[in-house]
$ cat query21.txt   # compact mmCIF, C-alpha atoms and all ligand atoms
# COMPACT_ATOMS: atom_id res chain seq x y z
CA MET A 1 0.00 0.00 0.00
CA ILE A 2 1.16 3.54 -0.69
CA THR A 3 0.60 6.23 1.94
CA LEU A 4 1.65 9.78 1.28
CA ASN A 5 1.89 12.76 3.59
CA SER A 6 0.72 16.19 2.54
CA SER A 7 3.11 18.36 0.53
CA PRO A 8 4.60 21.62 1.86
CA ILE A 9 3.90 25.13 0.55
CA HIS A 10 6.95 27.35 0.00
CA ALA A 11 7.30 31.00 -0.95
CA VAL A 12 8.73 31.49 -4.45
CA SER A 13 11.64 33.85 -4.78
CA TRP A 14 11.06 35.81 -8.00
CA LYS A 15 12.07 39.41 -8.69
CA LEU A 16 9.24 40.03 -11.15
CA ALA A 17 6.64 39.05 -8.56
CA ASP A 18 8.31 41.26 -5.93
CA ASP A 19 8.36 44.18 -8.38
CA ARG A 20 4.63 43.69 -8.98
CA SER A 21 3.93 43.23 -5.23
CA VAL A 22 2.41 39.81 -5.88
CA ARG A 23 3.11 37.00 -3.46
CA ILE A 24 3.70 33.65 -5.11
CA ASP A 25 3.71 30.36 -3.22
CA ILE A 26 4.30 26.91 -4.63
CA LYS A 27 2.70 23.70 -3.38
CA ARG A 28 5.47 21.15 -3.66
CA ASP A 29 3.51 18.12 -4.80
CA ASP A 30 6.74 17.09 -6.54
CA LEU A 31 7.93 16.13 -3.03
CA LEU A 32 4.98 13.83 -2.34
CA HIS A 33 6.85 10.71 -3.41
CA PRO A 34 10.12 9.95 -5.23
CA VAL A 35 8.25 8.25 -8.10
CA ILE A 36 4.53 8.98 -7.94
CA SER A 37 5.06 12.67 -7.57
CA GLY A 38 2.97 15.68 -8.45
CA ASN A 39 -0.64 15.23 -9.38
CA LYS A 40 -0.13 11.55 -10.16
CA TRP A 41 -1.02 9.92 -6.87
CA ARG A 42 -3.82 12.40 -6.31
CA LYS A 43 -5.39 11.32 -9.61
CA LEU A 44 -4.68 7.60 -9.23
CA LYS A 45 -5.54 6.83 -5.61
CA HIS A 46 -9.36 6.65 -5.80
CA LEU A 47 -9.23 4.95 -9.20
CA ILE A 48 -6.95 2.21 -7.88
CA SER A 49 -9.18 1.69 -4.83
CA ASP A 50 -12.17 1.45 -7.16
CA ALA A 51 -10.35 -1.15 -9.29
CA GLN A 52 -9.52 -3.15 -6.18
CA GLN A 53 -13.10 -2.98 -4.88
CA LYS A 54 -14.35 -4.21 -8.25
CA GLY A 55 -11.89 -7.10 -8.06
CA CYS A 56 -10.16 -6.16 -11.32
CA LEU A 57 -7.14 -8.23 -12.25
CA GLU A 58 -5.22 -5.70 -14.28
CA LEU A 59 -4.93 -1.91 -14.58
CA ILE A 60 -4.72 -0.67 -18.18
CA SER A 61 -4.00 2.77 -19.54
CA MET A 62 -2.48 4.61 -22.46
CA GLY A 63 0.21 7.22 -22.99
CA GLY A 64 3.25 8.35 -24.90
CA ASN A 65 6.91 7.43 -24.67
CA TRP A 66 7.58 9.75 -21.75
CA SER A 67 4.21 9.52 -20.01
CA ASN A 68 4.29 10.56 -16.35
CA HIS A 69 0.92 8.90 -15.95
CA LEU A 70 2.11 5.47 -17.17
CA HIS A 71 5.28 5.77 -15.10
CA ALA A 72 3.27 6.43 -11.94
CA LEU A 73 0.72 3.73 -12.73
CA ALA A 74 3.45 1.13 -13.34
CA TYR A 75 5.09 1.94 -10.03
CA ALA A 76 1.79 1.95 -8.15
CA GLY A 77 0.92 -1.47 -9.61
CA PHE A 78 4.37 -2.81 -8.76
CA SER A 79 4.28 -1.64 -5.16
CA MET A 80 0.69 -2.74 -4.58
CA GLY A 81 1.00 -6.13 -6.27
CA LEU A 82 -1.35 -5.27 -9.15
CA LYS A 83 -0.79 -6.14 -12.81
CA THR A 84 -0.46 -3.22 -15.21
CA ARG A 85 -0.57 -2.87 -18.99
CA ALA A 86 0.05 0.14 -21.21
CA LEU A 87 -1.04 0.94 -24.74
CA VAL A 88 1.79 3.13 -25.92
CA ARG A 89 1.83 5.50 -28.87
CA ALA A 90 5.17 4.40 -30.33
CA HIS A 91 6.68 2.06 -32.88
CA PRO A 92 7.65 -1.38 -31.47
CA ASP A 93 11.11 -1.14 -33.12
CA GLN A 94 11.91 2.15 -31.42
CA ALA A 95 14.35 1.98 -28.49
CA LEU A 96 12.52 2.23 -25.16
CA THR A 97 12.79 5.58 -23.40
CA PRO A 98 14.00 5.65 -19.77
CA THR A 99 10.32 6.11 -18.81
CA LEU A 100 9.25 2.92 -20.57
CA LEU A 101 12.31 1.02 -19.32
CA ASP A 102 11.21 1.87 -15.77
CA CYS A 103 7.63 0.80 -16.56
CA LYS A 104 8.91 -2.52 -17.90
CA LYS A 105 11.16 -3.01 -14.87
CA TRP A 106 8.08 -2.58 -12.66
CA GLY A 107 6.29 -5.32 -14.58
CA MET A 108 4.05 -3.26 -16.85
CA VAL A 109 3.19 -5.03 -20.10
CA LEU A 110 3.80 -2.66 -23.02
CA GLU A 111 1.70 -2.86 -26.19
CA PHE A 112 2.52 -0.49 -29.02
CA THR A 113 -0.14 1.20 -31.11
CA ASP A 114 -0.08 3.34 -34.23
CA ARG A 115 -1.47 6.89 -34.23
CA LYS A 116 -4.86 5.89 -35.64
CA THR A 117 -5.50 3.19 -33.03
CA TYR A 118 -4.28 5.54 -30.35
CA ALA A 119 -6.74 8.23 -31.46
CA GLU A 120 -9.55 5.63 -31.25
CA LEU A 121 -8.45 4.63 -27.75
CA ARG A 122 -8.93 8.25 -26.66
CA GLN A 123 -12.68 7.73 -27.13
CA LYS A 124 -12.74 4.86 -24.63
CA ILE A 125 -13.69 6.80 -21.59
CA SER A 126 -15.38 4.24 -19.42
CA TRP A 127 -14.18 1.01 -17.90
CA ASP A 128 -17.16 -0.96 -19.25
CA SER A 129 -16.41 -0.09 -22.85
CA PHE A 130 -13.04 -1.78 -22.53
CA ASP A 131 -13.89 -4.85 -20.57
CA SER A 132 -14.73 -7.04 -23.56
CA GLU A 133 -11.23 -6.73 -25.06
CA TYR A 134 -9.35 -7.15 -21.79
CA PRO A 135 -11.68 -9.09 -19.48
CA GLY A 136 -11.28 -8.32 -15.81
CA SER A 137 -9.30 -5.20 -16.48
CA TYR A 138 -9.76 -1.69 -15.15
CA TRP A 139 -9.36 1.08 -17.71
CA PHE A 140 -7.78 4.46 -16.96
CA SER A 141 -8.42 6.90 -19.78
CA GLU A 142 -5.56 9.05 -21.10
CA GLY A 143 -4.08 11.21 -18.35
CA GLY A 144 -6.54 9.56 -15.93
CA PHE A 145 -9.38 12.05 -16.53
CA SER A 146 -12.41 10.83 -14.55
CA SER A 147 -14.64 11.83 -11.64
CA LEU A 148 -12.54 9.80 -9.23
CA ALA A 149 -9.31 11.44 -10.41
CA ILE A 150 -10.91 14.87 -10.00
CA GLN A 151 -12.06 13.90 -6.51
CA GLY A 152 -8.46 12.94 -5.64
CA VAL A 153 -7.25 16.41 -6.65
CA GLU A 154 -10.07 18.02 -4.65
CA ASP A 155 -8.74 16.29 -1.54
CA MET A 156 -5.87 18.79 -1.66
CA LYS A 157 -8.24 21.36 -0.15
CA ALA A 158 -7.53 19.97 3.32
CA GLU A 159 -3.84 20.87 2.92
CA VAL A 160 -4.25 24.55 2.02
CA ASP A 161 -5.05 26.87 4.92
CA CYS A 162 -4.86 30.31 3.42
CA LYS A 163 -6.96 31.92 0.71
CA TYR A 164 -5.32 32.45 -2.68
CA ASP A 165 -6.63 34.87 -5.31
CA TYR A 166 -5.19 32.75 -8.12
CA ILE A 167 -4.11 29.13 -8.44
CA PHE A 168 -2.00 28.07 -11.44
CA ALA A 169 -1.35 24.49 -12.61
CA GLY A 170 -0.24 22.72 -15.77
CA CYS A 171 -3.02 21.25 -17.85
CA GLY A 172 -3.19 18.12 -20.00
CA SER A 173 -6.44 16.17 -19.67
CA GLY A 174 -7.90 18.94 -17.47
CA ALA A 175 -8.58 16.68 -14.44
CA THR A 176 -6.25 18.63 -12.16
CA VAL A 177 -7.75 22.01 -13.03
CA CYS A 178 -11.27 20.60 -12.63
CA GLY A 179 -10.43 19.32 -9.15
CA LEU A 180 -8.83 22.63 -8.17
CA ALA A 181 -11.76 24.68 -9.47
CA ARG A 182 -14.10 22.51 -7.41
CA ALA A 183 -11.96 22.54 -4.29
CA PHE A 184 -11.18 26.27 -4.27
CA PRO A 185 -14.35 28.17 -5.30
CA GLU A 186 -12.99 31.40 -3.81
CA SER A 187 -9.87 31.34 -6.06
CA TYR A 188 -9.48 31.90 -9.79
CA VAL A 189 -7.90 28.71 -11.14
CA VAL A 190 -5.76 28.92 -14.28
CA GLY A 191 -4.82 25.76 -16.14
CA VAL A 192 -1.89 26.26 -18.50
CA ALA A 193 -2.26 24.01 -21.53
CA ALA A 194 0.94 22.13 -22.29
CA PHE A 195 0.02 21.57 -25.94
CA SER A 196 -1.42 23.52 -28.86
CA GLY A 197 -5.08 23.37 -29.93
CA ALA A 198 -6.31 23.00 -26.35
CA ASP A 199 -9.39 25.21 -26.75
CA TYR A 200 -11.66 22.15 -26.62
CA LEU A 201 -10.63 21.73 -22.94
CA LYS A 202 -12.74 24.78 -22.11
CA GLU A 203 -15.86 22.93 -23.26
CA THR A 204 -14.84 19.70 -21.46
CA LEU A 205 -14.28 21.53 -18.20
CA SER A 206 -17.31 23.72 -18.55
CA GLN A 207 -19.55 20.68 -19.04
CA HIS A 208 -18.00 18.78 -16.18
CA LEU A 209 -18.20 21.67 -13.74
CA LYS A 210 -21.78 22.50 -14.72
CA GLN A 211 -22.77 18.87 -14.12
CA ALA A 212 -21.09 19.14 -10.73
CA GLY A 213 -23.42 22.06 -9.97
CA ARG A 214 -20.80 24.78 -10.29
CA LYS A 215 -22.45 27.97 -11.57
CA ALA A 216 -19.72 30.60 -11.37
CA GLU A 217 -16.76 30.19 -13.71
CA ASN A 218 -13.81 30.53 -11.36
CA TRP A 219 -11.36 29.08 -13.86
CA ALA A 220 -9.67 29.65 -17.21
CA ILE A 221 -7.47 27.70 -19.59
CA ASP A 222 -4.42 29.60 -20.80
CA THR A 223 -3.79 28.28 -24.31
CA LYS A 224 -1.02 30.69 -25.27
CA HIS A 225 2.06 29.33 -23.55
CA HIS A 226 2.62 25.89 -25.06
CA CYS A 227 5.74 27.13 -26.93
CA GLY A 228 4.64 25.59 -30.21
CA GLY A 229 3.25 22.29 -28.93
CA PHE A 230 3.62 19.44 -26.47
CA ALA A 231 7.23 18.99 -25.30
CA LYS A 232 8.32 21.95 -27.45
CA SER A 233 10.45 24.61 -25.84
CA SER A 234 11.61 28.16 -26.42
CA GLU A 235 14.52 30.33 -25.35
CA GLU A 236 12.17 32.38 -23.17
CA LEU A 237 11.00 29.22 -21.39
CA GLU A 238 14.52 27.93 -20.83
CA THR A 239 15.74 31.29 -19.51
CA LEU A 240 12.82 31.57 -17.11
CA ILE A 241 13.36 28.03 -15.77
CA GLU A 242 17.04 28.80 -15.25
CA GLU A 243 16.25 32.00 -13.36
CA LEU A 244 13.65 30.37 -11.11
CA GLU A 245 15.85 27.36 -10.37
CA LEU A 246 18.75 29.64 -9.47
CA PHE A 247 16.80 31.42 -6.71
CA ASN A 248 14.63 28.53 -5.48
CA SER A 249 15.13 24.98 -4.27
CA PHE A 250 12.77 23.37 -6.81
CA LYS A 251 13.41 22.01 -10.31
CA LEU A 252 10.91 22.57 -13.10
CA ASP A 253 10.17 20.30 -16.02
CA PRO A 254 9.83 22.28 -19.26
CA ILE A 255 6.75 20.32 -20.34
CA TYR A 256 4.19 21.31 -17.70
CA ASN A 257 5.59 23.30 -14.78
CA GLY A 258 7.99 25.48 -16.78
CA LYS A 259 5.10 26.51 -19.04
CA THR A 260 2.92 27.19 -16.01
CA PHE A 261 5.48 29.73 -14.82
CA LEU A 262 5.83 31.10 -18.35
CA ALA A 263 2.10 31.85 -18.39
CA LEU A 264 2.28 33.34 -14.90
CA ASN A 265 5.20 35.47 -16.08
CA SER A 266 3.06 36.99 -18.79
CA TRP A 267 0.00 37.44 -16.49
CA LEU A 268 2.32 39.36 -14.15
CA CYS A 269 3.93 41.42 -16.91
CA SER A 270 0.54 42.46 -18.30
CA ALA A 271 -0.67 43.28 -14.76
CA THR A 272 -3.63 40.90 -15.28
CA ILE A 273 -2.89 39.86 -11.70
CA PRO A 274 -3.34 42.98 -9.54
CA SER A 275 -0.67 43.95 -7.03
CA GLY A 276 -1.40 42.68 -3.55
CA SER A 277 -2.67 39.35 -4.93
CA ARG A 278 -1.66 35.96 -3.56
CA VAL A 279 -0.94 33.23 -6.07
CA LEU A 280 -0.45 29.52 -5.50
CA VAL A 281 1.33 27.42 -8.13
CA ILE A 282 0.82 23.67 -7.91
CA HIS A 283 4.06 21.85 -8.74
CA THR A 284 2.59 18.87 -10.56
CA GLY A 285 5.85 16.88 -10.66
CA GLY A 286 6.82 15.38 -14.02
CA LEU A 287 10.57 15.64 -13.61
CA GLN A 288 11.06 12.04 -14.73
CA GLY A 289 9.65 12.98 -18.14
CA ALA A 290 12.34 15.63 -18.53
CA ARG A 291 15.21 13.19 -17.96
CA LYS A 292 17.82 13.01 -20.66
CA THR A 293 18.96 9.50 -19.71
C1 LIG B 301 3.64 16.71 -14.59
C2 LIG B 301 2.26 16.92 -15.07
N1 LIG B 301 1.66 18.08 -14.79
C3 LIG B 301 0.40 18.35 -15.20
C4 LIG B 301 -0.32 17.41 -15.93
C5 LIG B 301 -1.69 17.76 -16.35
O1 LIG B 301 -2.63 17.12 -15.57
P1 LIG B 301 -4.10 16.88 -16.09
O2 LIG B 301 -4.03 15.75 -17.09
O3 LIG B 301 -4.85 16.50 -14.88
O4 LIG B 301 -4.57 18.13 -16.74
C6 LIG B 301 0.27 16.18 -16.25
C7 LIG B 301 -0.46 15.17 -17.03
O5 LIG B 301 -1.05 14.29 -16.53
C8 LIG B 301 1.59 15.93 -15.81
O6 LIG B 301 2.21 14.77 -16.09
$ encode --input "query21.txt" --output "structure tokens" --more "lines below"
Ligand SMILES: Cc1ncc(COP(=O)(O)O)c(C=O)c1O
Amino acid sequence: MITLNSSPIHAVSWKLADDRSVRIDIKRDDLLHPVISGNKWRKLKHLISDAQQKGCLELISMGGNWSNHLHALAYAGFSMGLKTRALVRAHPDQALTPTLLDCKKWGMVLEFTDRKTYAELRQKISWDSFDSEYPGSYWFSEGGFSSLAIQGVEDMKAEVDCKYDYIFAGCGSGATVCGLARAFPESYVVGVAAFSGADYLKETLSQHLKQAGRKAENWAIDTKHHCGGFAKSSEELETLIEELELFNSFKLDPIYNGKTFLALNSWLCSATIPSGSRVLVIHTGGLQGARKT
């Protein structure tokens, strides 16, 4: 069984924020666990309990070559004695990335799919729709987006004592931002899309939050700081990460958390965030995906 403590909140040292009289804190979810760090365990914990309660024999999900989600799922399965399987968007002849080598080491069965099959898999949202192909399995949709994952993120509420005007977090499937918007109705939650063409997320989140009875829109998706696409970078992004890492004790992956700060940088520069505001950034982990070896 995996038990995690709560993660600490630290003040971020950043000249731009000081100049704008904005206080920035960071919730260090990257410190939650050496492997299942960031938003991973928050999103997985209720889903894994559900799978166990349903007596499922195997946990199945999908992801790319460097997927933080698959990495965390493989480790969770390994340490809890559960079988795991991944449908990976990659060619079988390609050398395995360090992420997939870890997954394999932890016993995850890797099946490779082409782009077309992978796109079809994205439509398989529910567990039932998958059960006929992999009997007895429990299906986690891409990035783990589901009510139970969102509930796991909402649990973070109990760990945050003070009121923040803004909360920023990286956004992929949107589950994390959904959970934050639900947990912190008094804050304005900004999800920073890590990839281009993420406008559809606004509709996904809007629908989900309306169904959950949320009337006021206390959230936004920033779609302008993906640096050209998923896992793409820019000089501005690299320089900002370097500056923040120099004055703080955390490391930032360029895929999610670096871009979150890049967006925050521009919200500060344009004075969209008024002086005197308090901002919380959620460090969603993901450093394994930024490994070179
Ligand atoms: C490190 C990291 N941060 C943020 C996200 C985005 O989370 P979500 O899919 O809940 O939007 C992901 C993707 O799962 C991630 O791996």
$ closest_atom_pairs --input "query21.txt" --of "chain A" --to "ligand LIG 301 (chain B)" --cutoff "9 Å" --atoms "all atoms listed in the file" --output "tab-separated table"
residue	atom	partner	partner_atom	distance
A:Asp30	CA	B:LIG301	C1	8.6
A:Ser37	CA	B:LIG301	C1	8.2
A:Gly38	CA	B:LIG301	C1	6.3
A:Asn39	CA	B:LIG301	N1	6.5
A:Lys40	CA	B:LIG301	O5	7.0
A:Lys43	CA	B:LIG301	O3	7.4
A:Ser67	CA	B:LIG301	O6	6.9
A:Asn68	CA	B:LIG301	O6	4.7
A:His69	CA	B:LIG301	O5	5.8
A:Glu142	CA	B:LIG301	O2	8.0
A:Gly143	CA	B:LIG301	O5	4.7
A:Gly144	CA	B:LIG301	O2	6.8
A:Phe145	CA	B:LIG301	O2	6.5
A:Ala149	CA	B:LIG301	O3	8.1
A:Ile150	CA	B:LIG301	O3	7.9
A:Val153	CA	B:LIG301	O3	8.6
A:Ala169	CA	B:LIG301	C3	6.9
A:Gly170	CA	B:LIG301	C3	4.5
A:Cys171	CA	B:LIG301	O4	3.7
A:Gly172	CA	B:LIG301	O4	3.5
A:Ser173	CA	B:LIG301	O2	3.6
A:Gly174	CA	B:LIG301	O4	3.5
A:Ala175	CA	B:LIG301	O3	3.8
A:Thr176	CA	B:LIG301	O3	3.7
A:Val177	CA	B:LIG301	O4	6.2
A:Cys178	CA	B:LIG301	O3	7.9
A:Gly179	CA	B:LIG301	O3	8.5
A:Gly191	CA	B:LIG301	O4	7.7
A:Val192	CA	B:LIG301	O4	8.7
A:Ala193	CA	B:LIG301	O4	7.9
A:Ala194	CA	B:LIG301	C5	7.8
A:Asp253	CA	B:LIG301	C1	7.6
A:Ile255	CA	B:LIG301	C1	7.5
A:Tyr256	CA	B:LIG301	N1	5.0
A:Asn257	CA	B:LIG301	N1	6.5
A:Ile282	CA	B:LIG301	N1	8.9
A:His283	CA	B:LIG301	N1	7.5
A:Thr284	CA	B:LIG301	N1	4.4
A:Gly285	CA	B:LIG301	C1	4.5
A:Gly286	CA	B:LIG301	C1	3.5
A:Leu287	CA	B:LIG301	C1	7.1
A:Gln288	CA	B:LIG301	C1	8.8
A:Gly289	CA	B:LIG301	C1	7.9
$ residues_near_point --input "query21.txt" --point "(5.8, 6.1, -20.5)" --cutoff "9 Å" --atoms "only C-alpha atoms" --output "count of residues only"
21
$ residues_around --input "query21.txt" --residues "A:Asp199" --least-positions-apart "2" --cutoff "8 Å" --atoms "only C-alpha atoms" --output "VMD selection string"
chain A and resid 197 201 to 203 221 223
$ closest_residue --input "query21.txt" --among "A:Tyr188, A:Gln53, A:Asp222, A:Ala181" --to "A:Tyr200" --atoms "only C-alpha atoms"
A:Asp222
$ atom_distance --input "query21.txt" --atom1 "atom CA of A:Cys227" --atom2 "atom CA of A:Gln94"
26.1 Å
$ closest_residue --input "query21.txt" --among "A:Ala220, A:Leu262, A:Phe247, A:Val190" --to "A:Ser234" --atoms "all atoms listed in the file"
A:Leu262
$ closest_residue --input "query21.txt" --among "A:Arg89, A:Lys259, A:Lys124, A:His46" --to "A:Leu148" --atoms "all atoms listed in the file"
A:His46
$ decode --input "query21.txt" --residues "stretch 21-32 of chain A" --atoms "all heavy atoms" --output "compact mmCIF listing (two decimals), in the first residue's frame"
# COMPACT_ATOMS: atom_id res chain seq x y z
N SER A 21 4.56 43.40 -6.56
CA SER A 21 3.93 43.23 -5.23
C SER A 21 2.90 42.10 -5.23
O SER A 21 1.80 42.23 -4.70
CB SER A 21 3.24 44.52 -4.77
OG SER A 21 4.15 45.56 -4.74
N VAL A 22 3.26 41.01 -5.87
CA VAL A 22 2.41 39.81 -5.88
C VAL A 22 3.15 38.72 -5.13
O VAL A 22 4.34 38.49 -5.38
CB VAL A 22 2.10 39.36 -7.34
CG1 VAL A 22 1.36 38.04 -7.35
CG2 VAL A 22 1.27 40.42 -8.07
N ARG A 23 2.46 38.08 -4.21
CA ARG A 23 3.11 37.00 -3.46
C ARG A 23 2.81 35.66 -4.14
O ARG A 23 1.65 35.32 -4.36
CB ARG A 23 2.58 36.99 -2.02
CG ARG A 23 3.14 35.79 -1.32
CD ARG A 23 2.97 35.72 0.11
NE ARG A 23 3.47 34.40 0.49
CZ ARG A 23 4.15 34.16 1.57
NH1 ARG A 23 4.42 35.11 2.40
NH2 ARG A 23 4.55 32.93 1.83
N ILE A 24 3.89 34.95 -4.45
CA ILE A 24 3.70 33.65 -5.11
C ILE A 24 4.17 32.55 -4.17
O ILE A 24 5.29 32.58 -3.68
CB ILE A 24 4.54 33.54 -6.41
CG1 ILE A 24 4.48 34.83 -7.22
CG2 ILE A 24 4.16 32.30 -7.20
CD1 ILE A 24 3.63 34.87 -8.40
N ASP A 25 3.32 31.56 -3.96
CA ASP A 25 3.71 30.36 -3.22
C ASP A 25 3.65 29.17 -4.17
O ASP A 25 2.96 29.21 -5.20
CB ASP A 25 2.72 30.10 -2.07
CG ASP A 25 2.89 31.11 -0.93
OD1 ASP A 25 3.93 31.80 -0.88
OD2 ASP A 25 1.97 31.21 -0.10
N ILE A 26 4.35 28.13 -3.79
CA ILE A 26 4.30 26.91 -4.63
C ILE A 26 3.98 25.71 -3.73
O ILE A 26 4.57 25.56 -2.66
CB ILE A 26 5.62 26.71 -5.41
CG1 ILE A 26 5.52 25.52 -6.36
CG2 ILE A 26 6.84 26.56 -4.49
CD1 ILE A 26 6.61 25.49 -7.43
N LYS A 27 3.02 24.92 -4.15
CA LYS A 27 2.70 23.70 -3.38
C LYS A 27 3.53 22.59 -3.98
O LYS A 27 3.37 22.22 -5.15
CB LYS A 27 1.20 23.39 -3.45
CG LYS A 27 0.83 22.17 -2.62
CD LYS A 27 -0.55 22.28 -2.02
CE LYS A 27 -0.95 20.99 -1.31
NZ LYS A 27 -0.09 20.67 -0.15
N ARG A 28 4.44 22.07 -3.16
CA ARG A 28 5.47 21.15 -3.66
C ARG A 28 4.96 19.71 -3.75
O ARG A 28 5.47 18.80 -3.09
CB ARG A 28 6.71 21.25 -2.76
CG ARG A 28 7.37 22.62 -2.73
CD ARG A 28 8.11 22.95 -4.03
NE ARG A 28 8.99 21.88 -4.47
CZ ARG A 28 10.27 21.76 -4.10
NH1 ARG A 28 10.81 22.62 -3.31
NH2 ARG A 28 11.00 20.75 -4.56
N ASP A 29 3.98 19.49 -4.62
CA ASP A 29 3.51 18.12 -4.80
C ASP A 29 4.59 17.23 -5.44
O ASP A 29 4.49 16.01 -5.39
CB ASP A 29 2.24 18.11 -5.68
CG ASP A 29 0.97 18.19 -4.83
OD1 ASP A 29 1.08 18.47 -3.63
OD2 ASP A 29 -0.13 17.96 -5.38
N ASP A 30 5.62 17.88 -6.01
CA ASP A 30 6.74 17.09 -6.54
C ASP A 30 7.47 16.35 -5.42
O ASP A 30 8.20 15.40 -5.67
CB ASP A 30 7.72 17.98 -7.31
CG ASP A 30 8.27 19.12 -6.45
OD1 ASP A 30 7.48 19.79 -5.77
OD2 ASP A 30 9.50 19.32 -6.45
N LEU A 31 7.26 16.79 -4.16
CA LEU A 31 7.93 16.13 -3.03
C LEU A 31 7.08 15.02 -2.41
O LEU A 31 7.50 14.39 -1.44
CB LEU A 31 8.27 17.16 -1.94
CG LEU A 31 9.22 18.30 -2.33
CD1 LEU A 31 9.41 19.27 -1.17
CD2 LEU A 31 10.58 17.74 -2.76
N LEU A 32 5.89 14.81 -2.96
CA LEU A 32 4.98 13.83 -2.34
C LEU A 32 5.58 12.43 -2.27
O LEU A 32 5.37 11.68 -1.33
CB LEU A 32 3.67 13.75 -3.14
CG LEU A 32 2.60 14.80 -2.82
CD1 LEU A 32 1.44 14.68 -3.78
CD2 LEU A 32 2.11 14.65 -1.37
